Amino acid sequence: MYDPDRSQVNTYISESRSWPDVLSNLREVAKAEKANGGAGLRVLSGATSSPSFVAQMQEFLKVYPQAKWYQWEAVNRDNVYAGAQMAFGSRWRRFTIFQRRRWCSRWMEISVVGLPGVPQVHERFARRRRPELKEEMLRFYAVESAPTNTSAKADHRLHVKASEVEPFVRALAGALGVAQAGGEFKAGQKKFAAALAKDLQAHKGEVLVVVGDSQTPVTHALVHAINASLGSVGKTVSYTEPVDPFAATGNLDQLRQLTAEMNSGKVGTLLVLNTNPVYDAPVDVASSTH
């Protein structure tokens, strides 16, 4: 939106086109694709959390039953859903809930940039961080590999290497009684981890452990197990099916499948919405020759 070099008008092969011309051309393409059920039609869109957009997507595919819809998002939640699959056998989405009066007394974040969730989470978090609450004030632990605005608010922060995040979570899960979690804390982590584990266990049912989207699926699965062992499920955290219909399929797998179809000549029309793989796709995704 703010790029001064962005296109100011609709273009077709570098020539300007008015909106009536664009709509007229799109209608012709839509008419031709509808004749064969959209067999050569592909749509590539960004991620969505909008039920309205998902409904429109489903209606579109009813009109073009042979068409295929793919999703590409360079910064995606693939690891989040893969971790949920490991933990539950289904790709659930985590969300925090607010029905309880105190909501949460201890909050631990593992390599998270920015507080997770919706504005209500931020508001509730801030409300419980007032010093006048004394012992009732929410205590916040952060474990991360780089300083963030989030960790600046933490009462206790532990710096770890990015490669040490999963081993730390494994060791924490083991210390909290999660079966077969395994792992041991490094020497410089033991004092922090002992105090953290003790505090979490002392406030079961009132604690919440969250992890950054980019962490490994194993890390996400372990955090689900930790929250369950601490009695947090149904109290400070709950789960629901994701709105995004592509949660079960990795972004990179979808992009590779689309690229393969393009290279094999199966794609006659490609509609790209709110994404730009030409700019941010990984270098190892084969480019199309069509």
# chains A, B, ... in the order shown; residues from 1 in each chain; ligands from 1
call {"tool": "select_by_dssp", "arguments": {"residues": "stretch 128-181 of chain A", "states": "helix (DSSP H, G or I)", "output": "list in words"}}
result
Pro131, Glu132, Leu133, Lys134, Glu135, Glu136, Ser151, Ala152, Lys153, Ala162, Ser163, Glu164, Val165, Glu166, Pro167, Phe168, Val169, Arg170, Ala171, Leu172, Ala173, Gly174 and Ala175 of chain A
call {"tool": "select_by_dssp", "arguments": {"residues": "stretch 4-201 of chain A", "states": "strand (DSSP E or B)", "output": "PyMOL selection string"}}
result
chain A and resi 10-12+15-17+41-45+68-71+93-96+106-110+139-144+156-159
call {"tool": "write_last_selection", "arguments": {"atoms": "N, CA, C and O atoms", "output": "tab-separated table (two decimals), in the first residue's frame"}}
result
chain	number	residue	atom	x	y	z
A	10	ASN	N	-4.48	-0.61	-13.26
A	10	ASN	CA	-4.52	-1.99	-13.73
A	10	ASN	C	-3.71	-2.09	-15.02
A	10	ASN	O	-3.78	-1.21	-15.87
A	11	THR	N	-2.94	-3.16	-15.11
A	11	THR	CA	-2.12	-3.33	-16.32
A	11	THR	C	-2.30	-4.71	-16.90
A	11	THR	O	-2.62	-5.68	-16.21
A	12	TYR	N	-2.07	-4.80	-18.21
A	12	TYR	CA	-2.06	-6.07	-18.92
A	12	TYR	C	-0.88	-6.03	-19.88
A	12	TYR	O	-0.87	-5.23	-20.84
A	15	GLU	N	0.49	-2.64	-20.31
A	15	GLU	CA	-0.42	-1.63	-20.83
A	15	GLU	C	-1.54	-1.36	-19.82
A	15	GLU	O	-2.06	-2.28	-19.21
A	16	SER	N	-1.91	-0.09	-19.69
A	16	SER	CA	-2.96	0.28	-18.74
A	16	SER	C	-4.31	-0.25	-19.19
A	16	SER	O	-4.61	-0.29	-20.40
A	17	ARG	N	-5.11	-0.65	-18.20
A	17	ARG	CA	-6.47	-1.11	-18.49
A	17	ARG	C	-7.42	-0.49	-17.46
A	17	ARG	O	-7.09	-0.41	-16.27
A	41	LEU	N	-8.32	-24.25	-13.90
A	41	LEU	CA	-8.32	-23.07	-13.04
A	41	LEU	C	-7.70	-23.38	-11.68
A	41	LEU	O	-8.05	-24.35	-11.03
A	42	ARG	N	-6.78	-22.54	-11.27
A	42	ARG	CA	-6.15	-22.67	-9.96
A	42	ARG	C	-6.18	-21.30	-9.25
A	42	ARG	O	-6.00	-20.26	-9.89
A	43	VAL	N	-6.41	-21.34	-7.94
A	43	VAL	CA	-6.39	-20.13	-7.13
A	43	VAL	C	-5.32	-20.30	-6.05
A	43	VAL	O	-5.25	-21.35	-5.40
A	44	LEU	N	-4.50	-19.28	-5.88
A	44	LEU	CA	-3.49	-19.27	-4.83
A	44	LEU	C	-3.76	-18.05	-3.95
A	44	LEU	O	-3.72	-16.92	-4.42
A	45	SER	N	-4.04	-18.30	-2.68
A	45	SER	CA	-4.36	-17.20	-1.76
A	45	SER	C	-3.47	-17.27	-0.53
A	45	SER	O	-2.81	-18.28	-0.27
A	68	LYS	N	-8.86	-26.08	-8.40
A	68	LYS	CA	-8.14	-26.36	-7.16
A	68	LYS	C	-7.71	-25.04	-6.52
A	68	LYS	O	-7.34	-24.10	-7.20
A	69	TRP	N	-7.78	-25.04	-5.20
A	69	TRP	CA	-7.40	-23.85	-4.43
A	69	TRP	C	-6.20	-24.20	-3.56
A	69	TRP	O	-6.20	-25.20	-2.86
A	70	TYR	N	-5.19	-23.36	-3.63
A	70	TYR	CA	-3.98	-23.58	-2.83
A	70	TYR	C	-3.73	-22.36	-1.95
A	70	TYR	O	-4.29	-21.28	-2.17
A	71	GLN	N	-2.86	-22.54	-0.98
A	71	GLN	CA	-2.52	-21.46	-0.07
A	71	GLN	C	-1.00	-21.36	0.07
A	71	GLN	O	-0.31	-22.38	0.16
A	93	ARG	N	-6.57	-25.73	17.04
A	93	ARG	CA	-6.02	-24.39	17.25
A	93	ARG	C	-6.17	-24.02	18.72
A	93	ARG	O	-7.23	-24.19	19.31
A	94	ARG	N	-5.08	-23.51	19.31
A	94	ARG	CA	-5.11	-23.11	20.71
A	94	ARG	C	-5.72	-21.71	20.85
A	94	ARG	O	-5.51	-20.83	20.05
A	95	PHE	N	-6.50	-21.53	21.89
A	95	PHE	CA	-6.89	-20.17	22.23
A	95	PHE	C	-7.07	-20.06	23.74
A	95	PHE	O	-7.35	-21.03	24.42
A	96	THR	N	-6.86	-18.87	24.26
A	96	THR	CA	-7.02	-18.64	25.69
A	96	THR	C	-8.45	-18.26	26.00
A	96	THR	O	-9.15	-17.71	25.15
A	106	ARG	N	0.19	-17.38	36.51
A	106	ARG	CA	1.57	-17.55	36.02
A	106	ARG	C	1.52	-17.71	34.51
A	106	ARG	O	0.72	-18.47	33.97
A	107	TRP	N	2.41	-17.02	33.83
A	107	TRP	CA	2.42	-17.04	32.36
A	107	TRP	C	3.85	-17.30	31.91
A	107	TRP	O	4.77	-16.61	32.30
A	108	MET	N	4.02	-18.29	31.08
A	108	MET	CA	5.35	-18.60	30.57
A	108	MET	C	5.31	-18.58	29.06
A	108	MET	O	4.46	-19.22	28.44
A	109	GLU	N	6.23	-17.85	28.45
A	109	GLU	CA	6.32	-17.80	26.99
A	109	GLU	C	7.68	-18.33	26.55
A	109	GLU	O	8.71	-17.98	27.12
A	110	ILE	N	7.65	-19.15	25.52
A	110	ILE	CA	8.86	-19.75	25.00
A	110	ILE	C	9.09	-19.24	23.59
A	110	ILE	O	8.35	-19.60	22.66
A	139	ARG	N	2.62	-13.39	37.34
A	139	ARG	CA	4.08	-13.51	37.18
A	139	ARG	C	4.39	-14.06	35.80
A	139	ARG	O	3.78	-15.02	35.35
A	140	PHE	N	5.37	-13.45	35.16
A	140	PHE	CA	5.64	-13.74	33.76
A	140	PHE	C	7.09	-14.21	33.57
A	140	PHE	O	8.03	-13.51	33.93
A	141	TYR	N	7.24	-15.42	33.02
A	141	TYR	CA	8.54	-15.98	32.68
A	141	TYR	C	8.69	-15.99	31.15
A	141	TYR	O	7.74	-16.31	30.44
A	142	ALA	N	9.88	-15.68	30.67
A	142	ALA	CA	10.15	-15.73	29.23
A	142	ALA	C	11.43	-16.52	28.99
A	142	ALA	O	12.44	-16.31	29.66
A	143	VAL	N	11.36	-17.44	28.04
A	143	VAL	CA	12.53	-18.20	27.61
A	143	VAL	C	12.65	-17.99	26.11
A	143	VAL	O	11.75	-18.36	25.35
A	144	GLU	N	13.75	-17.39	25.67
A	144	GLU	CA	13.85	-17.04	24.25
A	144	GLU	C	15.30	-16.89	23.82
A	144	GLU	O	16.21	-16.77	24.64
A	156	HIS	N	11.04	-12.72	34.88
A	156	HIS	CA	12.21	-13.59	34.82
A	156	HIS	C	12.42	-13.98	33.36
A	156	HIS	O	11.49	-14.44	32.69
A	157	ARG	N	13.64	-13.82	32.87
A	157	ARG	CA	13.92	-14.13	31.47
A	157	ARG	C	15.17	-14.99	31.40
A	157	ARG	O	16.17	-14.72	32.05
A	158	LEU	N	15.09	-16.04	30.59
A	158	LEU	CA	16.23	-16.92	30.35
A	158	LEU	C	16.59	-16.88	28.88
A	158	LEU	O	15.74	-17.14	28.02
A	159	HIS	N	17.84	-16.55	28.58
A	159	HIS	CA	18.31	-16.58	27.20
A	159	HIS	C	18.84	-17.97	26.87
A	159	HIS	O	19.65	-18.54	27.62
call {"tool": "residues_around", "arguments": {"residues": "A:Ala171", "least_positions_apart": "3", "cutoff": "10 Å", "atoms": "only C-alpha atoms", "output": "list in words"}}
result
Glu166, Pro167, Phe168, Gly174, Ala175, Leu176, Gly177, Val178, Ala181, Gly182, Gly183, Glu184, Phe185, Lys186, Lys190 and Ala193 of chain A
call {"tool": "write_last_selection", "arguments": {"atoms": "C-alpha atoms", "output": "short mmCIF file (atom, residue, chain, number, x, y, z; two decimals), in the first residue's frame"}}
result
data_model
loop_
_atom_site.label_atom_id
_atom_site.label_comp_id
_atom_site.auth_asym_id
_atom_site.auth_seq_id
_atom_site.Cartn_x
_atom_site.Cartn_y
_atom_site.Cartn_z
CA GLU A 166 13.31 -27.77 22.17
CA PRO A 167 15.76 -29.47 24.58
CA PHE A 168 14.78 -26.97 27.30
CA GLY A 174 10.11 -34.09 32.24
CA ALA A 175 10.49 -32.01 35.40
CA LEU A 176 6.72 -31.43 35.42
CA GLY A 177 5.97 -35.13 35.15
CA VAL A 178 5.17 -35.47 31.45
CA ALA A 181 9.62 -36.24 27.73
CA GLY A 182 13.30 -36.83 28.45
CA GLY A 183 16.05 -34.24 28.32
CA GLU A 184 18.18 -32.46 30.90
CA PHE A 185 18.72 -28.79 31.61
CA LYS A 186 22.11 -27.31 30.84
CA LYS A 190 19.06 -25.37 36.17
CA ALA A 193 14.22 -24.02 35.49
#
call {"tool": "closest_residue", "arguments": {"among": "A:Asn251, A:Val75, A:Ala187, A:Lys34", "to": "A:Thr269", "atoms": "only C-alpha atoms"}}
result
A:Lys34
call {"tool": "atom_distance", "arguments": {"atom1": "atom CA of A:Arg129", "atom2": "atom CA of A:Thr150"}}
result
13.1 Å
call {"tool": "atom_distance", "arguments": {"atom1": "atom CA of A:Ala194", "atom2": "atom CA of A:Val233"}}
result
23.0 Å
call {"tool": "residues_around", "arguments": {"residues": "A:Glu261", "least_positions_apart": "4", "cutoff": "10 Å", "atoms": "only C-alpha atoms", "output": "PyMOL selection string"}}
result
chain A and resi 40+42+255-257+265-267+288
call {"tool": "atom_distance", "arguments": {"atom1": "atom CA of A:Pro51", "atom2": "atom CA of A:Val243"}}
result
6.4 Å
call {"tool": "residues_around", "arguments": {"residues": "stretch 276-281 of chain A", "least_positions_apart": "5", "cutoff": "9 Å", "atoms": "only C-alpha atoms", "output": "ChimeraX atom specification"}}
result
/A:45-46,72-74,252,255,287
call {"tool": "write_last_selection", "arguments": {"atoms": "N, CA, C and O atoms", "output": "PDB file, in the first residue's frame"}}
result
ATOM      1  N   SER A  45      -4.037 -18.298  -2.676  1.00  0.00           N
ATOM      2  CA  SER A  45      -4.355 -17.198  -1.760  1.00  0.00           C
ATOM      3  C   SER A  45      -3.474 -17.270  -0.530  1.00  0.00           C
ATOM      4  O   SER A  45      -2.813 -18.279  -0.269  1.00  0.00           O
ATOM      5  N   GLY A  46      -3.481 -16.176   0.241  1.00  0.00           N
ATOM      6  CA  GLY A  46      -2.790 -16.167   1.517  1.00  0.00           C
ATOM      7  C   GLY A  46      -3.621 -16.846   2.591  1.00  0.00           C
ATOM      8  O   GLY A  46      -4.736 -17.326   2.328  1.00  0.00           O
ATOM      9  N   TRP A  72      -0.512 -20.116   0.064  1.00  0.00           N
ATOM     10  CA  TRP A  72       0.898 -19.900   0.351  1.00  0.00           C
ATOM     11  C   TRP A  72       1.042 -18.716   1.289  1.00  0.00           C
ATOM     12  O   TRP A  72       0.539 -17.626   1.029  1.00  0.00           O
ATOM     13  N   GLU A  73       1.734 -18.940   2.391  1.00  0.00           N
ATOM     14  CA  GLU A  73       2.039 -17.893   3.350  1.00  0.00           C
ATOM     15  C   GLU A  73       3.471 -18.143   3.816  1.00  0.00           C
ATOM     16  O   GLU A  73       3.766 -19.188   4.395  1.00  0.00           O
ATOM     17  N   ALA A  74       4.385 -17.223   3.514  1.00  0.00           N
ATOM     18  CA  ALA A  74       5.787 -17.444   3.854  1.00  0.00           C
ATOM     19  C   ALA A  74       5.980 -17.606   5.357  1.00  0.00           C
ATOM     20  O   ALA A  74       6.722 -18.482   5.818  1.00  0.00           O
ATOM     21  N   LEU A 252       4.254 -25.159   2.174  1.00  0.00           N
ATOM     22  CA  LEU A 252       5.276 -25.474   1.190  1.00  0.00           C
ATOM     23  C   LEU A 252       4.847 -26.638   0.309  1.00  0.00           C
ATOM     24  O   LEU A 252       5.101 -26.639  -0.906  1.00  0.00           O
ATOM     25  N   LEU A 255       2.478 -25.246  -2.316  1.00  0.00           N
ATOM     26  CA  LEU A 255       3.160 -24.467  -3.356  1.00  0.00           C
ATOM     27  C   LEU A 255       3.900 -25.378  -4.325  1.00  0.00           C
ATOM     28  O   LEU A 255       3.896 -25.141  -5.546  1.00  0.00           O
ATOM     29  N   SER A 287      10.818 -23.408 -10.121  1.00  0.00           N
ATOM     30  CA  SER A 287      10.027 -22.387 -10.799  1.00  0.00           C
ATOM     31  C   SER A 287       9.318 -22.977 -12.012  1.00  0.00           C
ATOM     32  O   SER A 287       9.764 -23.934 -12.614  1.00  0.00           O
TER      33      SER A 287
END
call {"tool": "closest_residue", "arguments": {"among": "A:Val211, A:Ala39, A:Ala221, A:Leu200", "to": "A:Ser90", "atoms": "only C-alpha atoms"}}
result
A:Ala221
call {"tool": "closest_residue", "arguments": {"among": "A:Tyr64, A:Tyr81, A:Trp19, A:Phe88", "to": "A:Asp244", "atoms": "only C-alpha atoms"}}
result
A:Tyr81
call {"tool": "decode", "arguments": {"residues": "stretch 21-152 of chain A", "atoms": "C-alpha atoms", "output": "short mmCIF file (atom, residue, chain, number, x, y, z; two decimals), in the first residue's frame"}}
result
data_model
loop_
_atom_site.label_atom_id
_atom_site.label_comp_id
_atom_site.auth_asym_id
_atom_site.auth_seq_id
_atom_site.Cartn_x
_atom_site.Cartn_y
_atom_site.Cartn_z
CA ASP A 21 -11.83 -3.64 -19.32
CA VAL A 22 -10.48 -5.76 -16.47
CA LEU A 23 -13.93 -7.01 -15.49
CA SER A 24 -14.80 -7.73 -19.11
CA ASN A 25 -11.64 -9.81 -19.54
CA LEU A 26 -12.23 -11.66 -16.27
CA ARG A 27 -15.78 -12.50 -17.30
CA GLU A 28 -14.50 -14.03 -20.53
CA VAL A 29 -11.96 -16.13 -18.62
CA ALA A 30 -14.59 -17.18 -16.06
CA LYS A 31 -17.01 -18.17 -18.83
CA ALA A 32 -14.39 -20.29 -20.60
CA GLU A 33 -13.32 -22.01 -17.36
CA LYS A 34 -16.90 -22.67 -16.28
CA ALA A 35 -17.53 -24.60 -19.49
CA ASN A 36 -15.18 -27.37 -18.35
CA GLY A 37 -15.87 -27.08 -14.63
CA GLY A 38 -12.68 -25.12 -14.00
CA ALA A 39 -10.38 -28.03 -14.85
CA GLY A 40 -7.55 -25.65 -15.73
CA LEU A 41 -8.32 -23.07 -13.04
CA ARG A 42 -6.15 -22.67 -9.96
CA VAL A 43 -6.39 -20.13 -7.13
CA LEU A 44 -3.49 -19.27 -4.83
CA SER A 45 -4.36 -17.20 -1.76
CA GLY A 46 -2.79 -16.17 1.52
CA ALA A 47 -3.82 -17.54 4.91
CA THR A 48 -7.22 -16.67 6.30
CA SER A 49 -9.02 -16.77 9.63
CA SER A 50 -12.25 -15.39 8.15
CA PRO A 51 -15.29 -17.70 8.09
CA SER A 52 -16.83 -15.38 5.47
CA PHE A 53 -13.88 -15.83 3.13
CA VAL A 54 -13.92 -19.60 3.67
CA ALA A 55 -17.63 -19.63 2.76
CA GLN A 56 -16.87 -17.67 -0.42
CA MET A 57 -14.09 -20.12 -1.24
CA GLN A 58 -16.48 -23.04 -0.88
CA GLU A 59 -19.07 -21.35 -3.09
CA PHE A 60 -16.40 -20.68 -5.71
CA LEU A 61 -15.43 -24.35 -5.80
CA LYS A 62 -19.08 -25.34 -6.20
CA VAL A 63 -19.24 -23.22 -9.35
CA TYR A 64 -15.89 -24.59 -10.57
CA PRO A 65 -15.84 -28.15 -9.15
CA GLN A 66 -12.72 -29.18 -11.11
CA ALA A 67 -10.70 -26.18 -9.98
CA LYS A 68 -8.14 -26.36 -7.16
CA TRP A 69 -7.40 -23.85 -4.43
CA TYR A 70 -3.98 -23.58 -2.83
CA GLN A 71 -2.52 -21.46 -0.07
CA TRP A 72 0.90 -19.90 0.35
CA GLU A 73 2.04 -17.89 3.35
CA ALA A 74 5.79 -17.44 3.85
CA VAL A 75 5.34 -16.89 7.61
CA ASN A 76 2.88 -19.63 8.40
CA ARG A 77 1.52 -21.82 11.21
CA ASP A 78 2.52 -25.19 9.78
CA ASN A 79 4.52 -26.13 12.90
CA VAL A 80 1.62 -25.14 15.15
CA TYR A 81 -0.77 -27.49 13.38
CA ALA A 82 1.82 -30.26 13.05
CA GLY A 83 2.42 -30.08 16.81
CA ALA A 84 -1.31 -30.28 17.48
CA GLN A 85 -1.47 -33.30 15.18
CA MET A 86 1.26 -34.99 17.23
CA ALA A 87 -0.44 -34.15 20.52
CA PHE A 88 -4.10 -34.78 19.69
CA GLY A 89 -4.18 -36.66 16.40
CA SER A 90 -5.98 -33.65 14.94
CA ARG A 91 -4.89 -30.14 13.97
CA TRP A 92 -6.53 -28.10 16.70
CA ARG A 93 -6.02 -24.39 17.25
CA ARG A 94 -5.11 -23.11 20.71
CA PHE A 95 -6.89 -20.17 22.23
CA THR A 96 -7.02 -18.64 25.69
CA ILE A 97 -10.28 -18.30 27.56
CA PHE A 98 -11.46 -15.73 30.05
CA GLN A 99 -14.37 -17.15 32.02
CA ARG A 100 -12.44 -17.48 35.29
CA ARG A 101 -12.16 -14.51 37.62
CA ARG A 102 -8.38 -14.64 38.00
CA TRP A 103 -7.81 -16.17 34.55
CA CYS A 104 -4.12 -16.79 35.04
CA SER A 105 -1.57 -16.35 37.83
CA ARG A 106 1.57 -17.55 36.02
CA TRP A 107 2.42 -17.04 32.36
CA MET A 108 5.35 -18.60 30.57
CA GLU A 109 6.32 -17.80 26.99
CA ILE A 110 8.86 -19.75 25.00
CA SER A 111 10.43 -17.82 22.11
CA VAL A 112 7.31 -15.80 21.37
CA VAL A 113 7.46 -12.46 19.55
CA GLY A 114 4.50 -10.42 20.77
CA LEU A 115 1.75 -11.64 23.05
CA PRO A 116 -0.38 -14.30 21.35
CA GLY A 117 -4.06 -14.08 20.56
CA VAL A 118 -6.56 -11.28 20.27
CA PRO A 119 -6.64 -7.82 21.90
CA GLN A 120 -8.64 -9.19 24.83
CA VAL A 121 -5.60 -11.28 25.78
CA HIS A 122 -3.43 -8.18 25.84
CA GLU A 123 -5.97 -6.29 27.93
CA ARG A 124 -6.39 -9.12 30.43
CA PHE A 125 -2.65 -9.61 30.64
CA ALA A 126 -2.09 -5.90 31.36
CA ARG A 127 -4.87 -5.86 33.96
CA ARG A 128 -3.14 -8.59 35.97
CA ARG A 129 0.29 -6.95 35.79
CA ARG A 130 -0.44 -4.11 38.23
CA PRO A 131 2.01 -4.05 41.19
CA GLU A 132 -0.75 -3.09 43.64
CA LEU A 133 -2.12 -6.62 43.22
CA LYS A 134 0.95 -7.83 45.13
CA GLU A 135 0.78 -11.63 45.40
CA GLU A 136 -2.19 -11.68 43.02
CA MET A 137 -0.17 -10.04 40.24
CA LEU A 138 0.48 -12.28 37.28
CA ARG A 139 4.08 -13.51 37.18
CA PHE A 140 5.64 -13.74 33.76
CA TYR A 141 8.54 -15.98 32.68
CA ALA A 142 10.15 -15.73 29.23
CA VAL A 143 12.53 -18.20 27.61
CA GLU A 144 13.85 -17.04 24.25
CA SER A 145 16.83 -16.81 21.95
CA ALA A 146 16.60 -13.07 21.17
CA PRO A 147 15.32 -10.01 23.06
CA THR A 148 11.75 -8.98 22.23
CA ASN A 149 9.18 -6.45 23.37
CA THR A 150 7.48 -9.34 25.13
CA SER A 151 10.49 -10.34 27.21
CA ALA A 152 10.96 -6.71 28.26
#
